[in-house]
Structure formats: structure tokens, C-alpha cells
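> Input file: coords28.txt. Contents: compact mmCIF, C-alpha atoms.
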```
# COMPACT_ATOMS: atom_id res chain seq x y z
CA MET L 1 54.20 129.11 95.63
CA THR L 2 56.23 131.05 93.07
CA PRO L 3 59.88 130.21 92.31
CA HIS L 4 62.41 132.94 93.12
CA SER L 5 66.18 133.29 93.20
CA ILE L 6 68.67 135.32 95.16
CA GLU L 7 72.35 135.98 94.41
CA ARG L 8 75.32 137.87 95.71
CA SER L 9 78.94 137.76 94.56
CA THR L 10 82.27 139.43 95.08
CA VAL L 11 85.72 139.36 93.54
CA LEU L 12 88.68 138.80 95.84
CA PRO L 13 92.38 139.49 95.20
CA ALA L 14 93.34 135.89 95.90
CA ALA L 15 93.80 132.61 94.07
CA PRO L 16 90.62 130.52 93.79
CA ASP L 17 92.23 127.62 95.66
CA GLU L 18 93.18 129.95 98.51
CA VAL L 19 89.62 131.23 98.78
CA TRP L 20 88.18 127.71 98.52
CA ALA L 21 90.46 126.65 101.39
CA ALA L 22 88.72 129.31 103.50
CA VAL L 23 85.10 128.67 102.45
CA GLY L 24 84.93 125.11 101.15
CA ASP L 25 84.34 123.31 104.45
CA PHE L 26 80.57 122.78 104.70
CA GLY L 27 80.89 122.38 108.46
CA GLY L 28 82.99 125.52 108.88
CA LEU L 29 80.75 128.36 107.69
CA ALA L 30 80.96 130.19 111.02
CA ASP L 31 84.77 130.07 110.78
CA TRP L 32 84.67 132.86 108.21
CA HIS L 33 81.16 134.32 108.51
CA PRO L 34 80.95 136.86 111.35
CA HIS L 35 77.18 136.72 112.00
CA LEU L 36 76.49 133.01 111.96
CA PRO L 37 76.63 130.91 115.08
CA PRO L 38 79.00 127.95 115.16
CA SER L 39 77.62 124.78 113.65
CA THR L 40 78.13 121.11 114.31
CA VAL L 41 77.70 118.26 111.87
CA GLU L 42 75.07 115.77 112.99
CA ASP L 43 76.05 112.23 113.89
CA GLY L 44 79.74 112.90 113.30
CA ALA L 45 79.20 112.80 109.53
CA ASP L 46 81.95 113.85 107.16
CA PRO L 47 81.15 117.49 106.19
CA GLU L 48 82.62 116.86 102.74
CA LEU L 49 80.16 114.10 101.84
CA PRO L 50 76.64 114.69 100.52
CA GLY L 51 74.05 113.96 103.16
CA ALA L 52 75.94 115.67 105.99
CA VAL L 53 73.69 117.95 108.04
CA ARG L 54 75.09 121.07 109.71
CA VAL L 55 73.20 122.37 112.70
CA PHE L 56 73.36 125.98 113.92
CA THR L 57 72.51 126.57 117.57
CA VAL L 58 72.13 129.65 119.73
CA ASP L 59 72.05 129.19 123.50
CA GLY L 60 71.42 125.47 123.03
CA GLU L 61 68.46 126.02 120.70
CA ILE L 62 68.63 124.75 117.12
CA VAL L 63 68.04 127.71 114.80
CA ALA L 64 68.70 126.03 111.45
CA ARG L 65 69.64 122.70 109.87
CA GLU L 66 71.08 122.38 106.36
CA ARG L 67 71.89 119.26 104.35
CA LEU L 68 74.80 119.08 101.91
CA LEU L 69 73.39 117.95 98.57
CA ASP L 70 76.48 117.98 96.35
CA ARG L 71 80.10 119.06 96.68
CA ASP L 72 82.84 119.29 94.07
CA ALA L 73 86.12 120.37 95.64
CA ASP L 74 87.93 120.31 92.29
CA ALA L 75 85.40 122.72 90.77
CA ARG L 76 85.19 124.57 94.13
CA TRP L 77 81.47 124.56 94.90
CA TYR L 78 78.89 122.98 97.15
CA ARG L 79 75.10 122.93 97.15
CA TYR L 80 72.87 122.58 100.20
CA THR L 81 69.24 122.74 101.26
CA LEU L 82 67.53 124.18 104.30
CA LEU L 83 65.80 121.41 106.25
CA ASP L 84 63.97 123.42 108.85
CA PRO L 85 62.14 126.58 107.93
CA LEU L 86 63.43 129.81 109.35
CA VAL L 87 61.08 132.55 110.41
CA LEU L 88 60.19 133.00 106.74
CA PRO L 89 57.40 130.98 105.09
CA PHE L 90 59.23 129.61 102.06
CA GLY L 91 60.12 126.18 100.79
CA ASP L 92 62.43 124.25 98.51
CA TYR L 93 65.40 126.47 99.41
CA VAL L 94 68.54 125.22 97.65
CA ALA L 95 71.73 127.31 97.79
CA THR L 96 75.10 127.10 96.08
CA LEU L 97 78.38 128.56 97.26
CA ALA L 98 81.00 128.62 94.49
CA VAL L 99 84.50 129.98 93.97
CA ARG L 100 85.44 130.68 90.36
CA PRO L 101 88.58 132.00 88.69
CA HIS L 102 88.44 135.70 87.82
CA ALA L 103 90.91 138.00 86.05
CA ASP L 104 91.44 139.82 89.36
CA GLY L 105 91.70 136.68 91.51
CA ALA L 106 88.63 134.73 92.54
CA GLU L 107 84.90 135.35 92.37
CA VAL L 108 82.78 134.01 95.21
CA HIS L 109 79.19 133.49 94.10
CA TRP L 110 76.47 132.64 96.63
CA SER L 111 73.01 131.96 95.25
CA ALA L 112 69.77 130.17 96.01
CA VAL L 113 66.44 129.25 94.56
CA TYR L 114 63.33 128.94 96.69
CA HIS L 115 59.55 128.95 96.48
CA GLY L 116 57.40 131.47 98.29
CA PRO L 117 54.83 134.21 97.87
CA ASP L 118 55.94 137.25 95.86
CA GLU L 119 55.46 139.56 98.82
CA LEU L 120 58.14 137.58 100.70
CA VAL L 121 60.93 138.47 98.22
CA PRO L 122 61.95 141.80 99.86
CA ARG L 123 62.34 140.08 103.25
CA VAL L 124 64.37 137.23 101.78
CA GLU L 125 66.58 139.73 99.93
CA SER L 126 67.12 141.64 103.17
CA LEU L 127 67.55 138.76 105.64
CA ILE L 128 69.36 136.22 103.49
CA GLY L 129 70.74 138.22 100.56
CA ASP L 130 72.04 141.14 102.59
CA GLY L 131 72.15 139.78 106.14
CA THR L 132 73.75 136.43 105.35
CA TYR L 133 75.26 136.40 101.86
CA ALA L 134 76.48 140.01 101.56
CA THR L 135 77.73 140.08 105.15
CA GLY L 136 79.73 136.90 104.61
CA LEU L 137 81.15 138.16 101.33
CA GLN L 138 82.17 141.44 102.96
CA ALA L 139 83.99 139.49 105.66
CA LEU L 140 85.88 137.63 102.92
CA ARG L 141 86.78 140.94 101.21
CA THR L 142 88.17 142.22 104.49
CA ARG L 143 90.03 138.99 105.19
CA PHE L 144 91.67 138.76 101.78
CA ALA L 145 92.43 142.49 101.58
CA ARG L 146 94.35 142.16 104.85
CA ALA L 147 96.17 139.10 103.54
CA ARG L 148 97.52 141.25 100.68
CA ASP L 149 98.66 144.18 102.86
```
For this file, write the structure as C-alpha cells.

Amino acid sequence: MTPHSIERSTVLPAAPDEVWAAVGDFGGLADWHPHLPPSTVEDGADPELPGAVRVFTVDGEIVARERLLDRDADARWYRYTLLDPLVLPFGDYVATLAVRPHADGAEVHWSAVYHGPDELVPRVESLIGDGTYATGLQALRTRFARARD
């Protein structure tokens, strides 16, 4: 399978630490992302420690499991991997969510690398890049724009 990458980012009119406070909890993705179901952390693990697994469920059915690989709160980023394949036939999916300083506030950068057939790229861009990443980043833009009004 061929390696591919996907990225989305946005700049927010807020301090990086303020944005990180909103997005930095590995177990709290659904707290700020409008289209993701709530998640739980398996076995009561600490969502700030590598190895924690967040589980997304819909109507009692597990729809995705992701393991935290690394987290650096001081540098404001975490990296995770998808444990269970989604409806897409790809593998080795590793994503990073990072908050960086920017002249206008904070940049949120969400990216991933994965392996899959070339013909899968448009679906991944649509489902994950637009449906998950861009939707979440738009929700953050709305949230932090309101905070400034």
C-alpha cells in the first residue's frame, strides 16, 4: 500500500494555551467537535498518558478505537493511531493534533499519515479531511470568534 498524508489547519484569534485547553484532552474530542459521538477511555486509563484508548460508540456499537501514542502538553500536541479500521481499507493511520503560536493567535494543525491504495485518497480527503478535520476546525473558529465578540 502507498503512503499518503492528509492535513487541515486554521488560525484562531486566541492564545495557544487557551486553544490547547479546549482541544488538548485526548478523551474529550467530542466536547468540541460537533459531529463526533462521545468517547470513553478504556479501562479508566488516564487520557493524558500514552497508551490510553478512546472508544467512540453510537447506539451502543463501537465505531472507532484510537490509541494515544505521544502527548506533549507543553508543546501543545498529541499523536494517536486508529486501532480498528473504519469503513475505509487503509492501514497505519497515525494522526497529530497540534496547537502552535501564530501572529494572529493560534494555529490548529490536524494531520495524518496512512497507507492505502491511491484510488482511496479522494474518499479519505472527503470523509476524514473534510468531514472530520475541517468540520472540527470550523467548530473551533465559531467557538473562538464568539469568545471575542
> Find the residue from L:Val94, L:Asp70, L:Ser39, L:Val108 that sits nearest to L:Val58; use all atoms listed in the file when measuring.
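So, comparing all the options, the nearest one is L:Ser39.
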> Can you list every residue of stretch 59-129 of chain L that has an atom at most 6 Å from stretch 2-11 of chain L, with its nearest atom pair and the distance in Å to one decimal, using all atoms listed in the file, ordered by chain then number, as CSV?

```
residue,atom,partner,partner_atom,distance
L:Ala106,CA,L:Val11,CA,5.6
L:Glu107,CA,L:Val11,CA,4.3
L:Val108,CA,L:Ser9,CA,5.4
L:His109,CA,L:Ser9,CA,4.3
L:Trp110,CA,L:Arg8,CA,5.4
L:Ser111,CA,L:Glu7,CA,4.2
L:Ala112,CA,L:Ile6,CA,5.3
L:Val113,CA,L:Ser5,CA,4.3
L:Tyr114,CA,L:His4,CA,5.4
L:His115,CA,L:Pro3,CA,4.4
L:Gly116,CA,L:Thr2,CA,5.4
L:Pro117,CA,L:Thr2,CA,5.9
```
> With all atoms listed in the file as the basis for distance, which of L:Val53, L:Ala73, L:Leu127, L:Leu120 is at the shortest distance from L:Ala21?
L:Ala73
> Here's a test: counting only C-alpha atoms, identify every protein, DNA and RNA residue with an atom at most 10 Å from (87.8, 129.8, 102.6) in the file's coordinate frame, and state them as a list in words.
Pro16, Asp17, Glu18, Val19, Trp20, Ala21, Ala22, Val23, Gly24, Asp25, Gly28, Leu29, Asp31, Trp32, His33, Val99, Val108, Leu140, Arg143 and Phe144 of chain L
> Skip stretch 78-92 of chain L itself and residues of its chain fewer than 5 positions away, then list as a PDB file with C-alpha atoms, in the coordinates of the input all residues within 7 Å of it, counting all atoms listed in the file.

```pdb
ATOM      1  CA  ALA L  64      68.700 126.030 111.450  1.00  0.00           C
ATOM      2  CA  ARG L  65      69.640 122.700 109.870  1.00  0.00           C
ATOM      3  CA  GLU L  66      71.080 122.380 106.360  1.00  0.00           C
ATOM      4  CA  ARG L  67      71.890 119.260 104.350  1.00  0.00           C
ATOM      5  CA  LEU L  68      74.800 119.080 101.910  1.00  0.00           C
ATOM      6  CA  LEU L  69      73.390 117.950  98.570  1.00  0.00           C
ATOM      7  CA  ASP L  70      76.480 117.980  96.350  1.00  0.00           C
ATOM      8  CA  ARG L  71      80.100 119.060  96.680  1.00  0.00           C
ATOM      9  CA  ASP L  72      82.840 119.290  94.070  1.00  0.00           C
ATOM     10  CA  LEU L  97      78.380 128.560  97.260  1.00  0.00           C
ATOM     11  CA  ALA L  98      81.000 128.620  94.490  1.00  0.00           C
ATOM     12  CA  TYR L 114      63.330 128.940  96.690  1.00  0.00           C
ATOM     13  CA  HIS L 115      59.550 128.950  96.480  1.00  0.00           C
ATOM     14  CA  GLY L 116      57.400 131.470  98.290  1.00  0.00           C
TER      15      GLY L 116
END
```
> One number please: atom CA of L:Ile128 to atom CA of L:Asp43, in Å, one decimal.
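Interatomic distance, atom CA of L:Ile128 to atom CA of L:Asp43: 27.0 Å.
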> State, in Å with one decimal place, the distance from atom CA of L:Arg100 to atom CA of L:Trp77.
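Interatomic distance, atom CA of L:Arg100 to atom CA of L:Trp77: 8.6 Å.
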> Figure out the distance between atom CA of L:Pro13 and atom CA of L:Arg76, please, to one decimal in Å.
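Taking atom CA of L:Arg76 as the start and atom CA of L:Pro13 as the end point, the length is 16.6 Å.
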> Skip L:Leu36 itself and residues of its chain fewer than 6 positions away, then list as a list in words all residues within 9 Å of it, counting all atoms listed in the file.
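Counting only the stated atoms, we get Leu29, Ala30, Phe56, Thr132 and Gly136 of chain L.
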> Store the residues picked out above, limited to C-alpha atoms, as a compact mmCIF listing (two decimals), in the coordinates of the input.

```txt
# COMPACT_ATOMS: atom_id res chain seq x y z
CA LEU L 29 80.75 128.36 107.69
CA ALA L 30 80.96 130.19 111.02
CA PHE L 56 73.36 125.98 113.92
CA THR L 132 73.75 136.43 105.35
CA GLY L 136 79.73 136.90 104.61
```
> So which one's closest to L:Asp59, L:Pro37, L:Val124, L:Gly131, L:Ala139? Using only C-alpha atoms, please.
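Comparing L:Pro37, L:Val124, L:Gly131, L:Ala139 against L:Asp59, the winner is L:Pro37.
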> Find, counting only C-alpha atoms, the residue in L:Thr57, L:Arg123, L:Glu42, L:Tyr133 that gets nearest to L:Thr96.
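Distance minimum relative to L:Thr96 lands on L:Tyr133.
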